Amino acid sequence: MSSFLKAAGRSLLGMAAMIALWAAIVRLTGAQHYILPGPESVFAALYNHTGFLLYHAGITAYETVLGFVLGAAAGAALSVLLWLFPTAARFAMPPILVTQALPVFAIAPILVLWLGFGLASKVVVIILVIFFTVTSTFFDGLQRLDPGLHDLARLYRLSRLRELWFFRLPAGLPAFASGLRVAAVFAPMAAIIGEWAGAKGGLSFIMLQSSNRMQSDMMFAALILLAVMVLIMRFAVNRLTQLLVPWQPLT
């Protein structure tokens with residue numbers, strides 16, 4: 001718990017420093033309110049529209065958590081299958097790499113066209129963004145086994161499935177945890193991209209509406225909520241991976 005509190009404290013200090021720098025830039029440049037609002041205007045918007053902002057932040061958070069869970073599960077399952085069937089992995093990897101080469105901003109409008117403005121299109125965007133991170137890190141972890149343990153598995157003539165269960169999975173958990181920590185940062189941003197292509201609610205919905213009305217304070221308020229969401233996701237996944245792999249330090 002102390003490590004968690006220290007990490008949270010460092011994040012809060014970093015955010016406080018950024019807000020102080022932000023206020024100094026606004027004061028020194030004399031930027032117009034509609035171009036760069038000051039922190040006091042943004043926090044006033046957060047206070048005056050708390051219910052409205054939290055409602056739409058809840059929509060984005062729900063999309064993020066659901067997409068993260070499904071994307072992580074898909075990445076983990078695919079990693080296991082790729083290791084169990086190495087011949088199939090050689091054919092599967094090129095299409096998987098192609099999905100990562102395609103720009104998400106180009107795919108998101110197509111998914112909205114196919115799946116509509118609801119939850120499904122946002123969740124699929126998140127899955128596409130994070131599943132490769134989990135797949136590549138976990139698959140790499142499954143392949144990296146201590147030579148002595150590999151020889152022991154050969155000595156006892158373990159089947160590939162038993163070797164996976166008794167040796168490969170425990171050895172691959174640290175890599176899986178690393179993939180989850182990276183995915184936790186990208187998941188909220190992927191939700192924003194999905195909403196930007198078309199949505200009936202969410203933080204991106206607020207940003208688009210506020211941009212059209214030149215309400216910069218509301219745009220920045222939505223961005224602050226997004227930043228808080230990223231930090232919460234990161235801390236939550238850090239705690240989860242600490243339980244999953246207790247011998248790794250919390251970062």
# chains A, B, ... in the order shown; residues from 1 in each chain; ligands from 1
>>> select_by_dssp(residues="stretch 100-220 of chain A", states="helix (DSSP H, G or I)", output="count of residues only")
101
>>> residues_around(residues="stretch 15-24 of chain A", least_positions_apart="3", cutoff="10 Å", atoms="only C-alpha atoms", output="list in words")
Gly9, Arg10, Ser11, Leu12, Arg27, Leu28, Thr29, Gly30, Leu36, Pro37, Gly38, Pro39, Glu40, Ile224, Ala227 and Val228 of chain A
>>> write_last_selection(atoms="N, CA, C and O atoms", output="compact mmCIF listing (two decimals), in the first residue's frame")
# COMPACT_ATOMS: atom_id res chain seq x y z
N GLY A 9 1.22 9.85 -4.96
CA GLY A 9 1.75 11.15 -4.57
C GLY A 9 2.62 11.77 -5.65
O GLY A 9 2.53 12.98 -5.91
N ARG A 10 3.45 10.95 -6.28
CA ARG A 10 4.30 11.47 -7.36
C ARG A 10 3.45 11.97 -8.53
O ARG A 10 3.75 13.01 -9.13
N SER A 11 2.39 11.24 -8.84
CA SER A 11 1.51 11.65 -9.94
C SER A 11 0.81 12.96 -9.62
O SER A 11 0.70 13.85 -10.47
N LEU A 12 0.34 13.10 -8.37
CA LEU A 12 -0.33 14.33 -7.97
C LEU A 12 0.62 15.52 -8.00
O LEU A 12 0.25 16.62 -8.44
N ARG A 27 -0.75 33.46 -18.07
CA ARG A 27 -0.51 34.82 -17.55
C ARG A 27 0.55 35.55 -18.37
O ARG A 27 0.41 36.75 -18.67
N LEU A 28 1.63 34.84 -18.75
CA LEU A 28 2.72 35.49 -19.46
C LEU A 28 2.36 35.81 -20.91
O LEU A 28 2.80 36.84 -21.45
N THR A 29 1.61 34.94 -21.55
CA THR A 29 1.27 35.15 -22.97
C THR A 29 0.02 35.99 -23.16
O THR A 29 -0.20 36.55 -24.24
N GLY A 30 -0.81 36.08 -22.11
CA GLY A 30 -2.06 36.81 -22.25
C GLY A 30 -2.99 36.19 -23.28
O GLY A 30 -3.72 36.91 -23.99
N LEU A 36 -6.76 29.56 -25.00
CA LEU A 36 -6.17 28.82 -23.88
C LEU A 36 -6.74 29.37 -22.57
O LEU A 36 -6.26 30.38 -22.05
N PRO A 37 -7.77 28.72 -22.05
CA PRO A 37 -8.35 29.20 -20.79
C PRO A 37 -7.42 28.91 -19.62
O PRO A 37 -6.62 27.98 -19.65
N GLY A 38 -7.54 29.73 -18.60
CA GLY A 38 -6.73 29.51 -17.41
C GLY A 38 -7.26 28.37 -16.56
O GLY A 38 -8.41 27.96 -16.70
N PRO A 39 -6.43 27.86 -15.66
CA PRO A 39 -6.88 26.75 -14.80
C PRO A 39 -8.13 27.10 -13.99
O PRO A 39 -8.99 26.24 -13.79
N GLU A 40 -8.24 28.36 -13.55
CA GLU A 40 -9.40 28.74 -12.74
C GLU A 40 -10.69 28.62 -13.54
O GLU A 40 -11.74 28.21 -13.01
N ILE A 224 -9.01 17.00 -18.64
CA ILE A 224 -8.56 16.71 -17.27
C ILE A 224 -9.18 15.41 -16.77
O ILE A 224 -8.51 14.57 -16.16
N ALA A 227 -7.34 12.60 -18.32
CA ALA A 227 -6.05 12.38 -17.67
C ALA A 227 -6.22 11.63 -16.35
O ALA A 227 -5.46 10.70 -16.04
N VAL A 228 -7.24 12.01 -15.59
CA VAL A 228 -7.52 11.32 -14.32
C VAL A 228 -7.88 9.86 -14.59
O VAL A 228 -7.45 8.95 -13.86
>>> closest_residue(among="A:Thr135, A:Ser41, A:Ser121, A:Gln242", to="A:Pro174", atoms="only C-alpha atoms")
A:Gln242
>>> atom_distance(atom1="atom CA of A:Lys200", atom2="atom CA of A:Leu53")
13.9 Å
>>> closest_atom_pairs(of="stretch 126-228 of chain A", to="stretch 101-111 of chain A", cutoff="9 Å", atoms="only C-alpha atoms", output="CSV")
residue,atom,partner,partner_atom,distance
A:Leu128,CA,A:Val104,CA,8.2
A:Val129,CA,A:Val104,CA,7.5
A:Ala190,CA,A:Val104,CA,8.4
A:Ile193,CA,A:Phe105,CA,6.8
A:Gly194,CA,A:Ala108,CA,5.6
A:Glu195,CA,A:Ala108,CA,8.6
A:Trp196,CA,A:Ala108,CA,8.4
A:Ala197,CA,A:Pro109,CA,5.1
A:Gly198,CA,A:Pro109,CA,7.3
>>> residues_around(residues="stretch 176-183 of chain A", least_positions_apart="5", cutoff="12 Å", atoms="only C-alpha atoms", output="compact mmCIF listing (two decimals) with N, CA and C atoms, in the first residue's frame")
# COMPACT_ATOMS: atom_id res chain seq x y z
N THR A 64 -13.98 1.99 -21.84
CA THR A 64 -12.56 1.71 -21.63
C THR A 64 -12.36 0.40 -20.89
N VAL A 65 -13.07 0.21 -19.78
CA VAL A 65 -12.89 -1.00 -18.97
C VAL A 65 -13.33 -2.23 -19.75
N GLY A 67 -13.55 -2.63 -23.06
CA GLY A 67 -12.61 -2.88 -24.14
C GLY A 67 -11.28 -3.41 -23.64
N PHE A 68 -10.82 -2.90 -22.49
CA PHE A 68 -9.56 -3.37 -21.92
C PHE A 68 -9.65 -4.83 -21.52
N VAL A 69 -10.73 -5.20 -20.84
CA VAL A 69 -10.89 -6.59 -20.39
C VAL A 69 -10.97 -7.53 -21.59
N LEU A 70 -11.79 -7.18 -22.57
CA LEU A 70 -11.93 -8.04 -23.75
C LEU A 70 -10.65 -8.07 -24.57
N GLY A 71 -9.99 -6.93 -24.73
CA GLY A 71 -8.75 -6.89 -25.49
C GLY A 71 -7.64 -7.67 -24.83
N ALA A 72 -7.53 -7.55 -23.49
CA ALA A 72 -6.51 -8.30 -22.76
C ALA A 72 -6.79 -9.80 -22.83
N ALA A 73 -8.06 -10.18 -22.69
CA ALA A 73 -8.41 -11.60 -22.78
C ALA A 73 -8.13 -12.14 -24.18
N GLY A 75 -5.92 -10.97 -26.33
CA GLY A 75 -4.48 -11.03 -26.51
C GLY A 75 -3.85 -12.21 -25.80
N ALA A 76 -4.31 -12.48 -24.56
CA ALA A 76 -3.77 -13.61 -23.81
C ALA A 76 -4.12 -14.93 -24.48
N ALA A 77 -5.38 -15.08 -24.91
CA ALA A 77 -5.80 -16.32 -25.56
C ALA A 77 -5.04 -16.54 -26.86
N SER A 79 -2.06 -15.40 -27.62
CA SER A 79 -0.67 -15.73 -27.30
C SER A 79 -0.51 -17.21 -26.99
N VAL A 80 -1.43 -17.73 -26.19
CA VAL A 80 -1.38 -19.16 -25.84
C VAL A 80 -1.55 -20.03 -27.08
N ILE A 126 -10.97 -0.14 -29.16
CA ILE A 126 -10.07 -0.36 -28.02
C ILE A 126 -9.37 -1.71 -28.14
N ILE A 127 -10.12 -2.74 -28.50
CA ILE A 127 -9.53 -4.07 -28.66
C ILE A 127 -8.45 -4.06 -29.72
N LEU A 128 -8.71 -3.41 -30.84
CA LEU A 128 -7.72 -3.36 -31.93
C LEU A 128 -6.46 -2.62 -31.50
N VAL A 129 -6.62 -1.62 -30.64
CA VAL A 129 -5.46 -0.83 -30.22
C VAL A 129 -4.60 -1.59 -29.22
N ILE A 130 -5.22 -2.31 -28.27
CA ILE A 130 -4.43 -2.87 -27.16
C ILE A 130 -4.11 -4.35 -27.30
N PHE A 131 -4.86 -5.09 -28.12
CA PHE A 131 -4.67 -6.54 -28.06
C PHE A 131 -3.29 -6.94 -28.57
N PHE A 132 -2.73 -6.19 -29.53
CA PHE A 132 -1.41 -6.56 -30.05
C PHE A 132 -0.33 -6.37 -28.99
N THR A 133 -0.47 -5.33 -28.17
CA THR A 133 0.50 -5.11 -27.09
C THR A 133 0.52 -6.29 -26.14
N VAL A 134 -0.67 -6.74 -25.75
CA VAL A 134 -0.76 -7.89 -24.84
C VAL A 134 -0.27 -9.16 -25.54
N THR A 135 -0.68 -9.34 -26.78
CA THR A 135 -0.29 -10.54 -27.52
C THR A 135 1.22 -10.64 -27.67
N SER A 136 1.85 -9.56 -28.13
CA SER A 136 3.28 -9.61 -28.41
C SER A 136 4.11 -9.79 -27.14
N THR A 137 3.74 -9.09 -26.06
CA THR A 137 4.52 -9.22 -24.83
C THR A 137 4.34 -10.59 -24.18
N PHE A 138 3.10 -11.07 -24.12
CA PHE A 138 2.84 -12.37 -23.48
C PHE A 138 3.43 -13.51 -24.31
N PHE A 139 3.30 -13.43 -25.64
CA PHE A 139 3.87 -14.47 -26.50
C PHE A 139 5.38 -14.52 -26.35
N ASP A 140 6.00 -13.35 -26.25
CA ASP A 140 7.45 -13.31 -26.04
C ASP A 140 7.81 -13.92 -24.70
N GLY A 141 6.99 -13.64 -23.67
CA GLY A 141 7.24 -14.23 -22.36
C GLY A 141 7.09 -15.74 -22.35
N LEU A 142 6.11 -16.26 -23.10
CA LEU A 142 5.93 -17.71 -23.18
C LEU A 142 7.10 -18.40 -23.88
N ARG A 168 5.56 -22.71 -18.83
CA ARG A 168 5.50 -21.52 -19.69
C ARG A 168 4.64 -20.40 -19.11
N LEU A 169 3.46 -20.77 -18.61
CA LEU A 169 2.57 -19.72 -18.07
C LEU A 169 3.19 -18.99 -16.88
N PRO A 170 3.73 -19.71 -15.88
CA PRO A 170 4.38 -18.98 -14.78
C PRO A 170 5.54 -18.11 -15.25
N ALA A 171 6.32 -18.60 -16.22
CA ALA A 171 7.45 -17.81 -16.72
C ALA A 171 6.99 -16.60 -17.53
N PRO A 188 -7.89 4.18 -22.60
CA PRO A 188 -8.73 5.38 -22.60
C PRO A 188 -8.57 6.22 -23.86
N MET A 189 -7.35 6.32 -24.37
CA MET A 189 -7.13 7.09 -25.60
C MET A 189 -7.81 6.44 -26.79
N ALA A 190 -7.81 5.11 -26.82
CA ALA A 190 -8.51 4.40 -27.89
C ALA A 190 -10.01 4.66 -27.82
N VAL A 230 -6.88 7.99 -17.09
CA VAL A 230 -5.65 7.26 -17.44
C VAL A 230 -4.88 6.90 -16.18
N LEU A 231 -4.76 7.84 -15.25
CA LEU A 231 -4.03 7.57 -14.02
C LEU A 231 -4.71 6.48 -13.19
N ILE A 232 -6.04 6.55 -13.10
CA ILE A 232 -6.77 5.53 -12.34
C ILE A 232 -6.59 4.16 -12.98
N MET A 233 -6.69 4.10 -14.31
CA MET A 233 -6.50 2.83 -15.00
C MET A 233 -5.10 2.27 -14.73
N ARG A 234 -4.12 3.15 -14.81
CA ARG A 234 -2.74 2.73 -14.60
C ARG A 234 -2.55 2.17 -13.18
N PHE A 235 -3.04 2.91 -12.18
CA PHE A 235 -2.88 2.46 -10.80
C PHE A 235 -3.64 1.16 -10.55
N ALA A 236 -4.86 1.06 -11.10
CA ALA A 236 -5.66 -0.15 -10.89
C ALA A 236 -4.98 -1.37 -11.50
N VAL A 237 -4.45 -1.21 -12.70
CA VAL A 237 -3.78 -2.34 -13.36
C VAL A 237 -2.46 -2.65 -12.66
N ASN A 238 -1.79 -1.62 -12.14
CA ASN A 238 -0.58 -1.87 -11.34
C ASN A 238 -0.89 -2.76 -10.14
N ARG A 239 -1.99 -2.47 -9.46
CA ARG A 239 -2.36 -3.29 -8.31
C ARG A 239 -2.73 -4.70 -8.74
N LEU A 240 -3.45 -4.81 -9.85
CA LEU A 240 -3.85 -6.12 -10.36
C LEU A 240 -2.63 -6.96 -10.72
N THR A 241 -1.68 -6.35 -11.42
CA THR A 241 -0.48 -7.10 -11.81
C THR A 241 0.41 -7.41 -10.62
N GLN A 242 0.35 -6.56 -9.59
CA GLN A 242 1.10 -6.86 -8.37
C GLN A 242 0.56 -8.11 -7.70
N LEU A 243 -0.76 -8.30 -7.75
CA LEU A 243 -1.36 -9.51 -7.21
C LEU A 243 -1.06 -10.71 -8.11
N LEU A 244 -1.04 -10.46 -9.43
CA LEU A 244 -0.79 -11.54 -10.39
C LEU A 244 0.65 -11.99 -10.34
N VAL A 245 1.56 -11.02 -10.25
CA VAL A 245 3.00 -11.32 -10.21
C VAL A 245 3.58 -10.60 -8.99
N PRO A 246 3.41 -11.14 -7.79
CA PRO A 246 3.79 -10.41 -6.56
C PRO A 246 5.28 -10.14 -6.42
N TRP A 247 6.11 -10.86 -7.17
CA TRP A 247 7.55 -10.64 -7.02
C TRP A 247 8.03 -9.46 -7.86
N GLN A 248 7.15 -8.86 -8.66
CA GLN A 248 7.53 -7.68 -9.42
C GLN A 248 7.21 -6.43 -8.62
N PRO A 249 8.09 -5.39 -8.66
CA PRO A 249 7.79 -4.16 -7.93
C PRO A 249 6.70 -3.36 -8.61
N LEU A 250 5.94 -2.61 -7.82
CA LEU A 250 4.90 -1.74 -8.34
C LEU A 250 5.54 -0.49 -8.91
N THR A 251 5.14 -0.11 -10.16
CA THR A 251 5.73 1.06 -10.81
C THR A 251 4.67 2.13 -11.00
>>> residues_around(residues="A:Gln215", least_positions_apart="2", cutoff="12 Å", atoms="only C-alpha atoms", output="list in words")
Gln32, His33, Tyr34, Ile35, Leu36, Pro37, Ser41, Val42, Ala45, Ile206, Met207, Leu208, Gln209, Ser210, Ser211, Asn212, Arg213, Asp217, Met218, Met219, Phe220, Ala221 and Ala222 of chain A
>>> write_last_selection(atoms="N, CA and C atoms", output="PDB file, in the first residue's frame")
ATOM      1  N   GLN A  32      -6.021  34.514 -25.224  1.00  0.00           N
ATOM      2  CA  GLN A  32      -7.461  34.690 -25.149  1.00  0.00           C
ATOM      3  C   GLN A  32      -8.124  33.451 -24.543  1.00  0.00           C
ATOM      4  N   HIS A  33      -9.256  33.680 -23.868  1.00  0.00           N
ATOM      5  CA  HIS A  33      -9.939  32.596 -23.165  1.00  0.00           C
ATOM      6  C   HIS A  33     -10.318  31.454 -24.104  1.00  0.00           C
ATOM      7  N   TYR A  34     -10.766  31.792 -25.312  1.00  0.00           N
ATOM      8  CA  TYR A  34     -11.212  30.747 -26.234  1.00  0.00           C
ATOM      9  C   TYR A  34     -10.049  29.983 -26.861  1.00  0.00           C
ATOM     10  N   ILE A  35      -8.834  30.514 -26.723  1.00  0.00           N
ATOM     11  CA  ILE A  35      -7.650  29.811 -27.239  1.00  0.00           C
ATOM     12  C   ILE A  35      -7.021  28.949 -26.147  1.00  0.00           C
ATOM     13  N   LEU A  36      -6.760  29.562 -25.001  1.00  0.00           N
ATOM     14  CA  LEU A  36      -6.170  28.823 -23.875  1.00  0.00           C
ATOM     15  C   LEU A  36      -6.743  29.371 -22.574  1.00  0.00           C
ATOM     16  N   PRO A  37      -7.772  28.721 -22.050  1.00  0.00           N
ATOM     17  CA  PRO A  37      -8.352  29.195 -20.787  1.00  0.00           C
ATOM     18  C   PRO A  37      -7.422  28.910 -19.620  1.00  0.00           C
ATOM     19  N   SER A  41     -10.660  28.956 -14.856  1.00  0.00           N
ATOM     20  CA  SER A  41     -11.856  28.832 -15.695  1.00  0.00           C
ATOM     21  C   SER A  41     -12.238  27.376 -15.901  1.00  0.00           C
ATOM     22  N   VAL A  42     -11.221  26.553 -16.091  1.00  0.00           N
ATOM     23  CA  VAL A  42     -11.478  25.130 -16.334  1.00  0.00           C
ATOM     24  C   VAL A  42     -12.033  24.466 -15.079  1.00  0.00           C
ATOM     25  N   ALA A  45     -15.565  25.361 -14.654  1.00  0.00           N
ATOM     26  CA  ALA A  45     -16.421  24.554 -15.529  1.00  0.00           C
ATOM     27  C   ALA A  45     -16.633  23.167 -14.944  1.00  0.00           C
ATOM     28  N   ILE A 206     -18.260  15.536 -25.675  1.00  0.00           N
ATOM     29  CA  ILE A 206     -18.169  16.856 -25.047  1.00  0.00           C
ATOM     30  C   ILE A 206     -17.145  17.728 -25.773  1.00  0.00           C
ATOM     31  N   MET A 207     -15.994  17.149 -26.106  1.00  0.00           N
ATOM     32  CA  MET A 207     -14.947  17.917 -26.783  1.00  0.00           C
ATOM     33  C   MET A 207     -15.420  18.448 -28.129  1.00  0.00           C
ATOM     34  N   LEU A 208     -16.094  17.602 -28.887  1.00  0.00           N
ATOM     35  CA  LEU A 208     -16.582  18.033 -30.200  1.00  0.00           C
ATOM     36  C   LEU A 208     -17.634  19.120 -30.068  1.00  0.00           C
ATOM     37  N   GLN A 209     -18.578  18.924 -29.157  1.00  0.00           N
ATOM     38  CA  GLN A 209     -19.627  19.925 -28.958  1.00  0.00           C
ATOM     39  C   GLN A 209     -19.038  21.235 -28.450  1.00  0.00           C
ATOM     40  N   SER A 210     -18.090  21.154 -27.535  1.00  0.00           N
ATOM     41  CA  SER A 210     -17.477  22.365 -26.987  1.00  0.00           C
ATOM     42  C   SER A 210     -16.627  23.078 -28.027  1.00  0.00           C
ATOM     43  N   SER A 211     -15.960  22.322 -28.888  1.00  0.00           N
ATOM     44  CA  SER A 211     -15.158  22.929 -29.949  1.00  0.00           C
ATOM     45  C   SER A 211     -16.038  23.718 -30.917  1.00  0.00           C
ATOM     46  N   ASN A 212     -17.175  23.140 -31.265  1.00  0.00           N
ATOM     47  CA  ASN A 212     -18.089  23.836 -32.173  1.00  0.00           C
ATOM     48  C   ASN A 212     -18.633  25.124 -31.560  1.00  0.00           C
ATOM     49  N   ARG A 213     -18.752  25.164 -30.242  1.00  0.00           N
ATOM     50  CA  ARG A 213     -19.298  26.339 -29.551  1.00  0.00           C
ATOM     51  C   ARG A 213     -18.207  27.236 -28.974  1.00  0.00           C
ATOM     52  N   ASP A 217     -13.068  26.055 -22.111  1.00  0.00           N
ATOM     53  CA  ASP A 217     -12.991  25.598 -20.723  1.00  0.00           C
ATOM     54  C   ASP A 217     -13.601  24.208 -20.561  1.00  0.00           C
ATOM     55  N   MET A 218     -14.696  23.937 -21.279  1.00  0.00           N
ATOM     56  CA  MET A 218     -15.308  22.610 -21.219  1.00  0.00           C
ATOM     57  C   MET A 218     -14.428  21.563 -21.893  1.00  0.00           C
ATOM     58  N   MET A 219     -13.757  21.947 -22.979  1.00  0.00           N
ATOM     59  CA  MET A 219     -12.839  21.018 -23.643  1.00  0.00           C
ATOM     60  C   MET A 219     -11.709  20.616 -22.700  1.00  0.00           C
ATOM     61  N   PHE A 220     -11.136  21.596 -22.022  1.00  0.00           N
ATOM     62  CA  PHE A 220     -10.041  21.305 -21.099  1.00  0.00           C
ATOM     63  C   PHE A 220     -10.535  20.527 -19.881  1.00  0.00           C
ATOM     64  N   ALA A 221     -11.759  20.792 -19.447  1.00  0.00           N
ATOM     65  CA  ALA A 221     -12.324  20.021 -18.336  1.00  0.00           C
ATOM     66  C   ALA A 221     -12.440  18.548 -18.712  1.00  0.00           C
ATOM     67  N   ALA A 222     -12.885  18.284 -19.955  1.00  0.00           N
ATOM     68  CA  ALA A 222     -12.972  16.904 -20.434  1.00  0.00           C
ATOM     69  C   ALA A 222     -11.589  16.268 -20.514  1.00  0.00           C
TER      70      ALA A 222
END
>>> atom_distance(atom1="atom CA of A:Pro86", atom2="atom CA of A:Leu161")
12.8 Å
>>> atom_distance(atom1="atom CA of A:Ala187", atom2="atom CA of A:His56")
16.4 Å
>>> closest_residue(among="A:Ala153, A:Leu66, A:Val98, A:Leu164", to="A:Leu119", atoms="only C-alpha atoms")
A:Leu66
